[in-house]
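Have a look at the structure below, then the notes.
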Amino acid sequence: MLGLYVHIPFCDGKCPYCDFYSRPGDEEVKEAYTRSLEARLAQWGERLQKEGVPTQVDTLYFGGGTPNLLGASRLARLIAAARRNFALCDVEITVEVNPSTRLDEFFREIFAAGANRLSIGLQSAHEQELQALGRRHTARQAAETVEAARRAGFSNLSLDLMLAIPGQTMQSALSSVAFCRELGVPHVSAYLLKVEQGTPFWERREALNLPDEDETADRYLAVCEALEQSGLKQYEISNFAVPGKESRHNLKYWHGEEYLGLGPGAHSFVEGKRFYFPRDLSGFLQGAPPVADGEGGTLEEALLLRLRLTEGITREMLLPFGEKGEAAFLWMEKKSRPYRAAGLLQREPGRIALTPKGFLVSNELIAELLPK
């Protein structure tokens, strides 16, 4: 099954930490962009069919930017275009939204069009922290957004939280977790803030009131434990869900499955090839093609991606790589011994996985584990 990702680049204001491609857009530009996406969906559906690539799709994800700014009718048109050009099968259709008090009708329309999952950008349940992040909603508005989504028929809801942000304390981080628990959502994404080059946060990074490495580690581990205790099991470095409510679309990335991304900045992995569209809305509207980004599906890539998951690496999943896969697993078993003793890894017969403590140093740890 193929995954579809559609990037909606429009935003009503750039948050100072955000490195995603986004820009303002008036109604004329939004309409032109929707027509362009409809055309691209038709072109890619026809192209993949001619090349003999299966066009069965089981996940469709609208990310941003702020997808709800495109409007419900345009999102409904894009869902319809996906249905016309691909074979949607038991499909999970996710729409990212920012909290607002004016989403009741929007939710009703996109639910009627087939959307069945929402990812809501809460980030924090504290007004001071939201202001520091440049967010334009309140915690109360986030709660009202969840309530409105449920009234429209949505039950598969996710809330985003950010950790190690300016002014955050251990107490405020855990109270944001409690806020999510009280709302009863089945999925939470809890990300550590990364200060990216080119953002306003990067320009004033020395003045930000950020926790040090030890405080960040303690906060992450405490949030992981609190989410687990609330019934949301960790399944990836930053993601927690009631069993059965994991993000099927995002799991495609980490399982090394194929997906087609459309829109400026969107990446794809189809037929073993990786490619992306440049971060240029004007170019996309003018029909600019994607840029090749090399081969995908390699053994090294599979190891890198799978170790982001709590399920980790299994001997069985490496069988398609033959002798190289077996040799890699044996190498990693040997290299993992000191890290297991330090509580960074767990190992069972035929399986190696990082612990929450190991996720904190995952980049360095995975580099040590990978076969040289």
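Here's how to read the names in the structure tokens: chain A, B, ... by the order shown, residue numbers from 1 in each chain, ligand numbers from 1 in the order shown.
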Surrounding residues of A:Tyr191 excluding itself and chain neighbours under 4 positions, 8 Å, only C-alpha atoms, as a ChimeraX atom specification: /A:160-163,238
Atoms kept (all heavy atoms) for selection, written as a tab-separated table (two decimals), in the first residue's frame:
```tsv
chain	number	residue	atom	x	y	z
A	160	ASP	N	-0.28	17.60	19.73
A	160	ASP	CA	1.17	17.82	19.74
A	160	ASP	C	1.58	18.56	21.00
A	160	ASP	O	0.93	19.54	21.39
A	160	ASP	CB	1.59	18.68	18.54
A	160	ASP	CG	1.61	17.90	17.24
A	160	ASP	OD1	1.43	16.66	17.28
A	160	ASP	OD2	1.80	18.53	16.18
A	161	LEU	N	2.67	18.11	21.61
A	161	LEU	CA	3.29	18.81	22.72
A	161	LEU	C	4.75	19.09	22.37
A	161	LEU	O	5.39	18.28	21.69
A	161	LEU	CB	3.25	17.97	24.01
A	161	LEU	CG	1.91	17.80	24.71
A	161	LEU	CD1	2.08	16.92	25.95
A	161	LEU	CD2	1.32	19.15	25.11
A	162	MET	N	5.29	20.21	22.87
A	162	MET	CA	6.71	20.50	22.71
A	162	MET	C	7.36	20.50	24.09
A	162	MET	O	6.79	21.04	25.05
A	162	MET	CB	6.93	21.84	22.02
A	162	MET	CG	6.46	21.85	20.58
A	162	MET	SD	6.94	23.35	19.68
A	162	MET	CE	8.68	23.02	19.43
A	163	LEU	N	8.53	19.90	24.16
A	163	LEU	CA	9.27	19.79	25.42
A	163	LEU	C	10.58	20.58	25.32
A	163	LEU	O	11.12	20.79	24.23
A	163	LEU	CB	9.59	18.32	25.72
A	163	LEU	CG	8.40	17.36	25.73
A	163	LEU	CD1	8.87	15.94	25.99
A	163	LEU	CD2	7.36	17.80	26.75
A	238	SER	N	9.06	10.02	19.69
A	238	SER	CA	8.24	11.15	20.12
A	238	SER	C	6.75	10.88	20.10
A	238	SER	O	5.97	11.82	20.25
A	238	SER	CB	8.53	12.37	19.22
A	238	SER	OG	9.90	12.69	19.23
```
Write out as a ChimeraX atom specification the residues lying within 6 Å of stretch 348-365 of chain A, counting only C-alpha atoms and excluding same-chain residues fewer than 2 positions away. /A:312-315,344-346,367-368
Can you spit out the residues from that selection as a PDB file, in the first residue's frame, using N, CA and C atoms?
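Final output, saved to out.pdb:
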```pdb
ATOM      1  N   GLY A 312      11.898  -1.671  17.547  1.00  0.00           N
ATOM      2  CA  GLY A 312      13.302  -1.851  17.228  1.00  0.00           C
ATOM      3  C   GLY A 312      13.562  -2.713  16.004  1.00  0.00           C
ATOM      4  N   ILE A 313      14.733  -3.360  16.018  1.00  0.00           N
ATOM      5  CA  ILE A 313      15.188  -4.214  14.924  1.00  0.00           C
ATOM      6  C   ILE A 313      14.947  -5.660  15.299  1.00  0.00           C
ATOM      7  N   THR A 314      14.369  -6.416  14.390  1.00  0.00           N
ATOM      8  CA  THR A 314      14.237  -7.854  14.610  1.00  0.00           C
ATOM      9  C   THR A 314      15.008  -8.597  13.529  1.00  0.00           C
ATOM     10  N   ARG A 315      15.431  -9.778  13.878  1.00  0.00           N
ATOM     11  CA  ARG A 315      16.154 -10.607  12.915  1.00  0.00           C
ATOM     12  C   ARG A 315      15.273 -10.900  11.696  1.00  0.00           C
ATOM     13  N   LEU A 344      20.445   1.700  28.005  1.00  0.00           N
ATOM     14  CA  LEU A 344      20.120   2.411  26.777  1.00  0.00           C
ATOM     15  C   LEU A 344      19.443   1.520  25.743  1.00  0.00           C
ATOM     16  N   LEU A 345      19.616   0.211  25.914  1.00  0.00           N
ATOM     17  CA  LEU A 345      19.068  -0.748  24.971  1.00  0.00           C
ATOM     18  C   LEU A 345      18.382  -1.869  25.720  1.00  0.00           C
ATOM     19  N   GLN A 346      17.462  -2.521  25.042  1.00  0.00           N
ATOM     20  CA  GLN A 346      16.909  -3.765  25.537  1.00  0.00           C
ATOM     21  C   GLN A 346      17.056  -4.814  24.445  1.00  0.00           C
ATOM     22  N   ALA A 367      24.659   5.477  15.535  1.00  0.00           N
ATOM     23  CA  ALA A 367      25.926   5.523  14.795  1.00  0.00           C
ATOM     24  C   ALA A 367      26.906   4.474  15.311  1.00  0.00           C
ATOM     25  N   GLU A 368      26.903   4.238  16.614  1.00  0.00           N
ATOM     26  CA  GLU A 368      27.788   3.215  17.204  1.00  0.00           C
ATOM     27  C   GLU A 368      27.337   1.809  16.839  1.00  0.00           C
TER      28      GLU A 368
END
```
Report the closest atom pair, with its distance in Å rounded to one decimal, for each residue of stretch 37-136 of chain A that has an atom no farther than 12 Å from stretch 17-20 of chain A; count only C-alpha atoms, sort by chain and then rising residue number, and write it as a Markdown table.
```
| residue | atom | partner | partner_atom | distance |
| --- | --- | --- | --- | --- |
| A:Gly63 | CA | A:Phe20 | CA | 10.0 |
| A:Gly64 | CA | A:Phe20 | CA | 7.4 |
| A:Gly65 | CA | A:Phe20 | CA | 7.1 |
| A:Thr66 | CA | A:Phe20 | CA | 10.6 |
| A:Gln123 | CA | A:Tyr17 | CA | 11.8 |
| A:Leu130 | CA | A:Tyr17 | CA | 11.8 |
| A:Ala132 | CA | A:Tyr17 | CA | 9.9 |
| A:Leu133 | CA | A:Tyr17 | CA | 7.0 |
| A:Gly134 | CA | A:Tyr17 | CA | 8.4 |
| A:Arg135 | CA | A:Tyr17 | CA | 10.3 |
```
Preceding selection exported with N, CA, C and O atoms as a short mmCIF file (atom, residue, chain, number, x, y, z; two decimals), in the first residue's frame:
```cif
data_model
loop_
_atom_site.label_atom_id
_atom_site.label_comp_id
_atom_site.auth_asym_id
_atom_site.auth_seq_id
_atom_site.Cartn_x
_atom_site.Cartn_y
_atom_site.Cartn_z
N GLY A 63 -0.48 17.83 5.66
CA GLY A 63 0.37 18.51 6.63
C GLY A 63 0.66 19.93 6.20
O GLY A 63 0.32 20.37 5.10
N GLY A 64 1.34 20.66 7.08
CA GLY A 64 1.56 22.07 6.76
C GLY A 64 2.82 22.64 7.38
O GLY A 64 3.67 21.90 7.84
N GLY A 65 2.82 24.00 7.37
CA GLY A 65 1.73 24.90 7.19
C GLY A 65 0.54 24.66 8.14
O GLY A 65 0.63 24.01 9.15
N THR A 66 -0.59 25.22 7.74
CA THR A 66 -1.83 25.06 8.49
C THR A 66 -2.92 24.63 7.52
O THR A 66 -3.58 25.47 6.89
N GLN A 123 0.87 22.11 21.57
CA GLN A 123 2.23 22.50 21.97
C GLN A 123 2.41 22.69 23.47
O GLN A 123 3.38 22.24 24.05
N LEU A 130 2.92 29.25 25.46
CA LEU A 130 2.36 29.43 24.11
C LEU A 130 2.80 30.77 23.52
O LEU A 130 3.17 30.85 22.34
N ALA A 132 5.52 32.42 24.29
CA ALA A 132 6.95 32.33 23.99
C ALA A 132 7.20 31.59 22.67
O ALA A 132 8.18 31.88 21.97
N LEU A 133 6.31 30.67 22.34
CA LEU A 133 6.44 29.92 21.08
C LEU A 133 5.81 30.65 19.89
O LEU A 133 5.88 30.16 18.77
N GLY A 134 5.21 31.79 20.16
CA GLY A 134 4.57 32.54 19.07
C GLY A 134 3.24 31.96 18.64
O GLY A 134 2.74 32.28 17.55
N ARG A 135 2.65 31.10 19.48
CA ARG A 135 1.37 30.51 19.12
C ARG A 135 0.24 31.51 19.33
O ARG A 135 0.32 32.38 20.21
#
```
Two-atom distance - atom CA of A:Thr138, atom CA of A:Leu193 (Å):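 Between atom CA of A:Thr138 and atom CA of A:Leu193 the gap is 19.4 Å.
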Restricting to only C-alpha atoms, whichever of A:Ser124, A:Ser73, A:Gln229, A:Asn98 is closest to A:Phe111 is A:Ser73
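If you look at atom CA of A:Val57 and atom CA of A:Ile93, they are 10.4 Å away from each other.
With only C-alpha atoms as the atoms that count, the residue of A:Arg40, A:Arg150, A:Arg308, A:Arg337 with the shortest distance to A:Asn116 is A:Arg150.
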Selected residue, from A:Gly294, A:Gly287, A:Gly153, A:Gly256, that lies nearest to A:Arg274 when counting only C-alpha atoms: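 Closest to A:Arg274 of all the choices is A:Gly294.
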Would you work out the distance separating atom CA of A:Ile366 from atom CA of A:Leu232, expressed in Å to one decimal?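 Atom CA of A:Leu232 lies at a distance of 25.2 Å from atom CA of A:Ile366.
When DSSP reads the backbone of this structure, the residues of stretch 139-252 of chain A it assigns to strand (DSSP E) are Asn156, Leu157, Ser158, Leu159, Asp160, Leu161, Met162, Leu163, His187, Val188, Ser189, Ala190, Tyr191, Leu192, Lys233, Gln234, Tyr235, Glu236, Asn239, Phe240 and Ala241 of chain A.
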Create the file for the chosen residues now, containing N, CA, C and O atoms and written as a PDB file, in the first residue's frame.
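The result, written out as result.pdb:
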```pdb
ATOM      1  N   ASN A 156     -10.534   9.727  16.381  1.00  0.00           N
ATOM      2  CA  ASN A 156      -9.096   9.484  16.285  1.00  0.00           C
ATOM      3  C   ASN A 156      -8.389  10.842  16.271  1.00  0.00           C
ATOM      4  O   ASN A 156      -8.234  11.466  15.221  1.00  0.00           O
ATOM      5  N   LEU A 157      -7.977  11.291  17.453  1.00  0.00           N
ATOM      6  CA  LEU A 157      -7.419  12.629  17.631  1.00  0.00           C
ATOM      7  C   LEU A 157      -6.022  12.542  18.233  1.00  0.00           C
ATOM      8  O   LEU A 157      -5.748  11.712  19.096  1.00  0.00           O
ATOM      9  N   SER A 158      -5.138  13.426  17.768  1.00  0.00           N
ATOM     10  CA  SER A 158      -3.783  13.524  18.312  1.00  0.00           C
ATOM     11  C   SER A 158      -3.508  14.961  18.712  1.00  0.00           C
ATOM     12  O   SER A 158      -3.953  15.900  18.046  1.00  0.00           O
ATOM     13  N   LEU A 159      -2.791  15.132  19.813  1.00  0.00           N
ATOM     14  CA  LEU A 159      -2.337  16.447  20.254  1.00  0.00           C
ATOM     15  C   LEU A 159      -0.813  16.492  20.214  1.00  0.00           C
ATOM     16  O   LEU A 159      -0.145  15.534  20.622  1.00  0.00           O
ATOM     17  N   ASP A 160      -0.276  17.605  19.733  1.00  0.00           N
ATOM     18  CA  ASP A 160       1.173  17.824  19.737  1.00  0.00           C
ATOM     19  C   ASP A 160       1.584  18.560  21.002  1.00  0.00           C
ATOM     20  O   ASP A 160       0.934  19.538  21.393  1.00  0.00           O
ATOM     21  N   LEU A 161       2.669  18.107  21.607  1.00  0.00           N
ATOM     22  CA  LEU A 161       3.293  18.813  22.721  1.00  0.00           C
ATOM     23  C   LEU A 161       4.754  19.087  22.375  1.00  0.00           C
ATOM     24  O   LEU A 161       5.391  18.282  21.691  1.00  0.00           O
ATOM     25  N   MET A 162       5.288  20.213  22.870  1.00  0.00           N
ATOM     26  CA  MET A 162       6.712  20.498  22.715  1.00  0.00           C
ATOM     27  C   MET A 162       7.359  20.503  24.090  1.00  0.00           C
ATOM     28  O   MET A 162       6.791  21.041  25.050  1.00  0.00           O
ATOM     29  N   LEU A 163       8.534  19.900  24.159  1.00  0.00           N
ATOM     30  CA  LEU A 163       9.272  19.792  25.417  1.00  0.00           C
ATOM     31  C   LEU A 163      10.576  20.583  25.321  1.00  0.00           C
ATOM     32  O   LEU A 163      11.117  20.792  24.235  1.00  0.00           O
ATOM     33  N   HIS A 187      -3.906   9.765  21.166  1.00  0.00           N
ATOM     34  CA  HIS A 187      -2.560   9.876  20.609  1.00  0.00           C
ATOM     35  C   HIS A 187      -1.961  11.214  21.020  1.00  0.00           C
ATOM     36  O   HIS A 187      -2.643  12.247  20.989  1.00  0.00           O
ATOM     37  N   VAL A 188      -0.685  11.191  21.414  1.00  0.00           N
ATOM     38  CA  VAL A 188       0.062  12.411  21.728  1.00  0.00           C
ATOM     39  C   VAL A 188       1.436  12.311  21.080  1.00  0.00           C
ATOM     40  O   VAL A 188       2.099  11.268  21.165  1.00  0.00           O
ATOM     41  N   SER A 189       1.849  13.378  20.412  1.00  0.00           N
ATOM     42  CA  SER A 189       3.217  13.508  19.921  1.00  0.00           C
ATOM     43  C   SER A 189       3.935  14.503  20.817  1.00  0.00           C
ATOM     44  O   SER A 189       3.477  15.643  20.954  1.00  0.00           O
ATOM     45  N   ALA A 190       5.020  14.072  21.442  1.00  0.00           N
ATOM     46  CA  ALA A 190       5.756  14.917  22.397  1.00  0.00           C
ATOM     47  C   ALA A 190       7.181  15.097  21.878  1.00  0.00           C
ATOM     48  O   ALA A 190       8.008  14.199  21.996  1.00  0.00           O
ATOM     49  N   TYR A 191       7.435  16.267  21.282  1.00  0.00           N
ATOM     50  CA  TYR A 191       8.707  16.522  20.616  1.00  0.00           C
ATOM     51  C   TYR A 191       9.602  17.412  21.464  1.00  0.00           C
ATOM     52  O   TYR A 191       9.142  18.378  22.067  1.00  0.00           O
ATOM     53  N   LEU A 192      10.891  17.106  21.452  1.00  0.00           N
ATOM     54  CA  LEU A 192      11.871  18.019  22.030  1.00  0.00           C
ATOM     55  C   LEU A 192      12.111  19.163  21.043  1.00  0.00           C
ATOM     56  O   LEU A 192      12.277  18.935  19.843  1.00  0.00           O
ATOM     57  N   LYS A 233       0.882   4.272  25.029  1.00  0.00           N
ATOM     58  CA  LYS A 233       2.133   3.534  24.965  1.00  0.00           C
ATOM     59  C   LYS A 233       3.078   4.163  23.952  1.00  0.00           C
ATOM     60  O   LYS A 233       2.680   4.516  22.846  1.00  0.00           O
ATOM     61  N   GLN A 234       4.335   4.285  24.344  1.00  0.00           N
ATOM     62  CA  GLN A 234       5.312   4.842  23.413  1.00  0.00           C
ATOM     63  C   GLN A 234       5.584   3.826  22.304  1.00  0.00           C
ATOM     64  O   GLN A 234       5.853   2.662  22.558  1.00  0.00           O
ATOM     65  N   TYR A 235       5.496   4.297  21.046  1.00  0.00           N
ATOM     66  CA  TYR A 235       5.824   3.415  19.928  1.00  0.00           C
ATOM     67  C   TYR A 235       6.924   3.980  19.035  1.00  0.00           C
ATOM     68  O   TYR A 235       7.446   3.285  18.162  1.00  0.00           O
ATOM     69  N   GLU A 236       7.311   5.238  19.280  1.00  0.00           N
ATOM     70  CA  GLU A 236       8.385   5.874  18.525  1.00  0.00           C
ATOM     71  C   GLU A 236       9.002   6.927  19.423  1.00  0.00           C
ATOM     72  O   GLU A 236       8.446   7.264  20.472  1.00  0.00           O
ATOM     73  N   ASN A 239       6.338   9.626  19.919  1.00  0.00           N
ATOM     74  CA  ASN A 239       4.918   9.360  19.710  1.00  0.00           C
ATOM     75  C   ASN A 239       4.371   8.283  20.640  1.00  0.00           C
ATOM     76  O   ASN A 239       5.024   7.251  20.873  1.00  0.00           O
ATOM     77  N   PHE A 240       3.141   8.533  21.116  1.00  0.00           N
ATOM     78  CA  PHE A 240       2.501   7.708  22.129  1.00  0.00           C
ATOM     79  C   PHE A 240       1.036   7.526  21.740  1.00  0.00           C
ATOM     80  O   PHE A 240       0.387   8.472  21.292  1.00  0.00           O
ATOM     81  N   ALA A 241       0.520   6.322  21.924  1.00  0.00           N
ATOM     82  CA  ALA A 241      -0.853   6.085  21.491  1.00  0.00           C
ATOM     83  C   ALA A 241      -1.498   4.962  22.287  1.00  0.00           C
ATOM     84  O   ALA A 241      -0.819   4.051  22.782  1.00  0.00           O
TER      85      ALA A 241
END
```
Compile the contact shell of A:Arg181 as a ChimeraX atom specification: residues with an atom at most 9 Å away, counting only C-alpha atoms, same-chain residues fewer than 6 positions apart removed. /A:227,230-231
Pick from A:Ala32, A:Tyr5, A:Ala42, A:Gln171, whichever lies nearest to A:Glu96 using only C-alpha atoms: A:Tyr5
As an MDAnalysis selection string, list the residues of stretch 34-228 of chain A assigned to helix (DSSP H, G or I) by DSSP on the backbone atoms of this structure. chainID A and resid 34:50 67:70 72:85 104:113 127:132 139:152 170:183 200:203 205:207 213:228
I'd like a table as CSV: residues in stretch 76-124 of chain A with an atom no more than 12 Å from stretch 243-252 of chain A, each row giving the shortest atom pair and its distance in Å to one decimal, only C-alpha atoms counted, sorted by chain and rising residue number.
```
residue,atom,partner,partner_atom,distance
A:Asp90,CA,A:Arg248,CA,11.3
A:Val91,CA,A:Arg248,CA,9.5
A:Glu92,CA,A:Arg248,CA,7.2
A:Ile93,CA,A:His249,CA,8.8
A:Thr94,CA,A:His249,CA,8.4
A:Val95,CA,A:His249,CA,11.5
A:Asn116,CA,A:Ser247,CA,11.8
A:Arg117,CA,A:Ser247,CA,9.1
A:Leu118,CA,A:Ser247,CA,10.4
A:Ser119,CA,A:Ser247,CA,9.7
```
Contact table stretch 164-242 of chain A vs stretch 11-16 of chain A, cut-off 12 Å, shortest pair per residue, only C-alpha atoms, as CSV:
```
residue,atom,partner,partner_atom,distance
A:Ile165,CA,A:Pro16,CA,11.8
A:Pro166,CA,A:Pro16,CA,11.6
A:Leu193,CA,A:Pro16,CA,11.5
A:Lys194,CA,A:Pro16,CA,11.6
A:Val195,CA,A:Pro16,CA,9.4
A:Glu196,CA,A:Pro16,CA,9.8
A:Gln197,CA,A:Pro16,CA,11.1
A:Gly198,CA,A:Pro16,CA,9.7
A:Thr199,CA,A:Pro16,CA,6.0
A:Pro200,CA,A:Pro16,CA,4.9
A:Phe201,CA,A:Pro16,CA,5.5
A:Trp202,CA,A:Pro16,CA,8.6
A:Glu203,CA,A:Pro16,CA,9.7
A:Arg204,CA,A:Pro16,CA,10.0
A:Arg205,CA,A:Pro16,CA,10.9
A:Leu208,CA,A:Pro16,CA,11.5
```
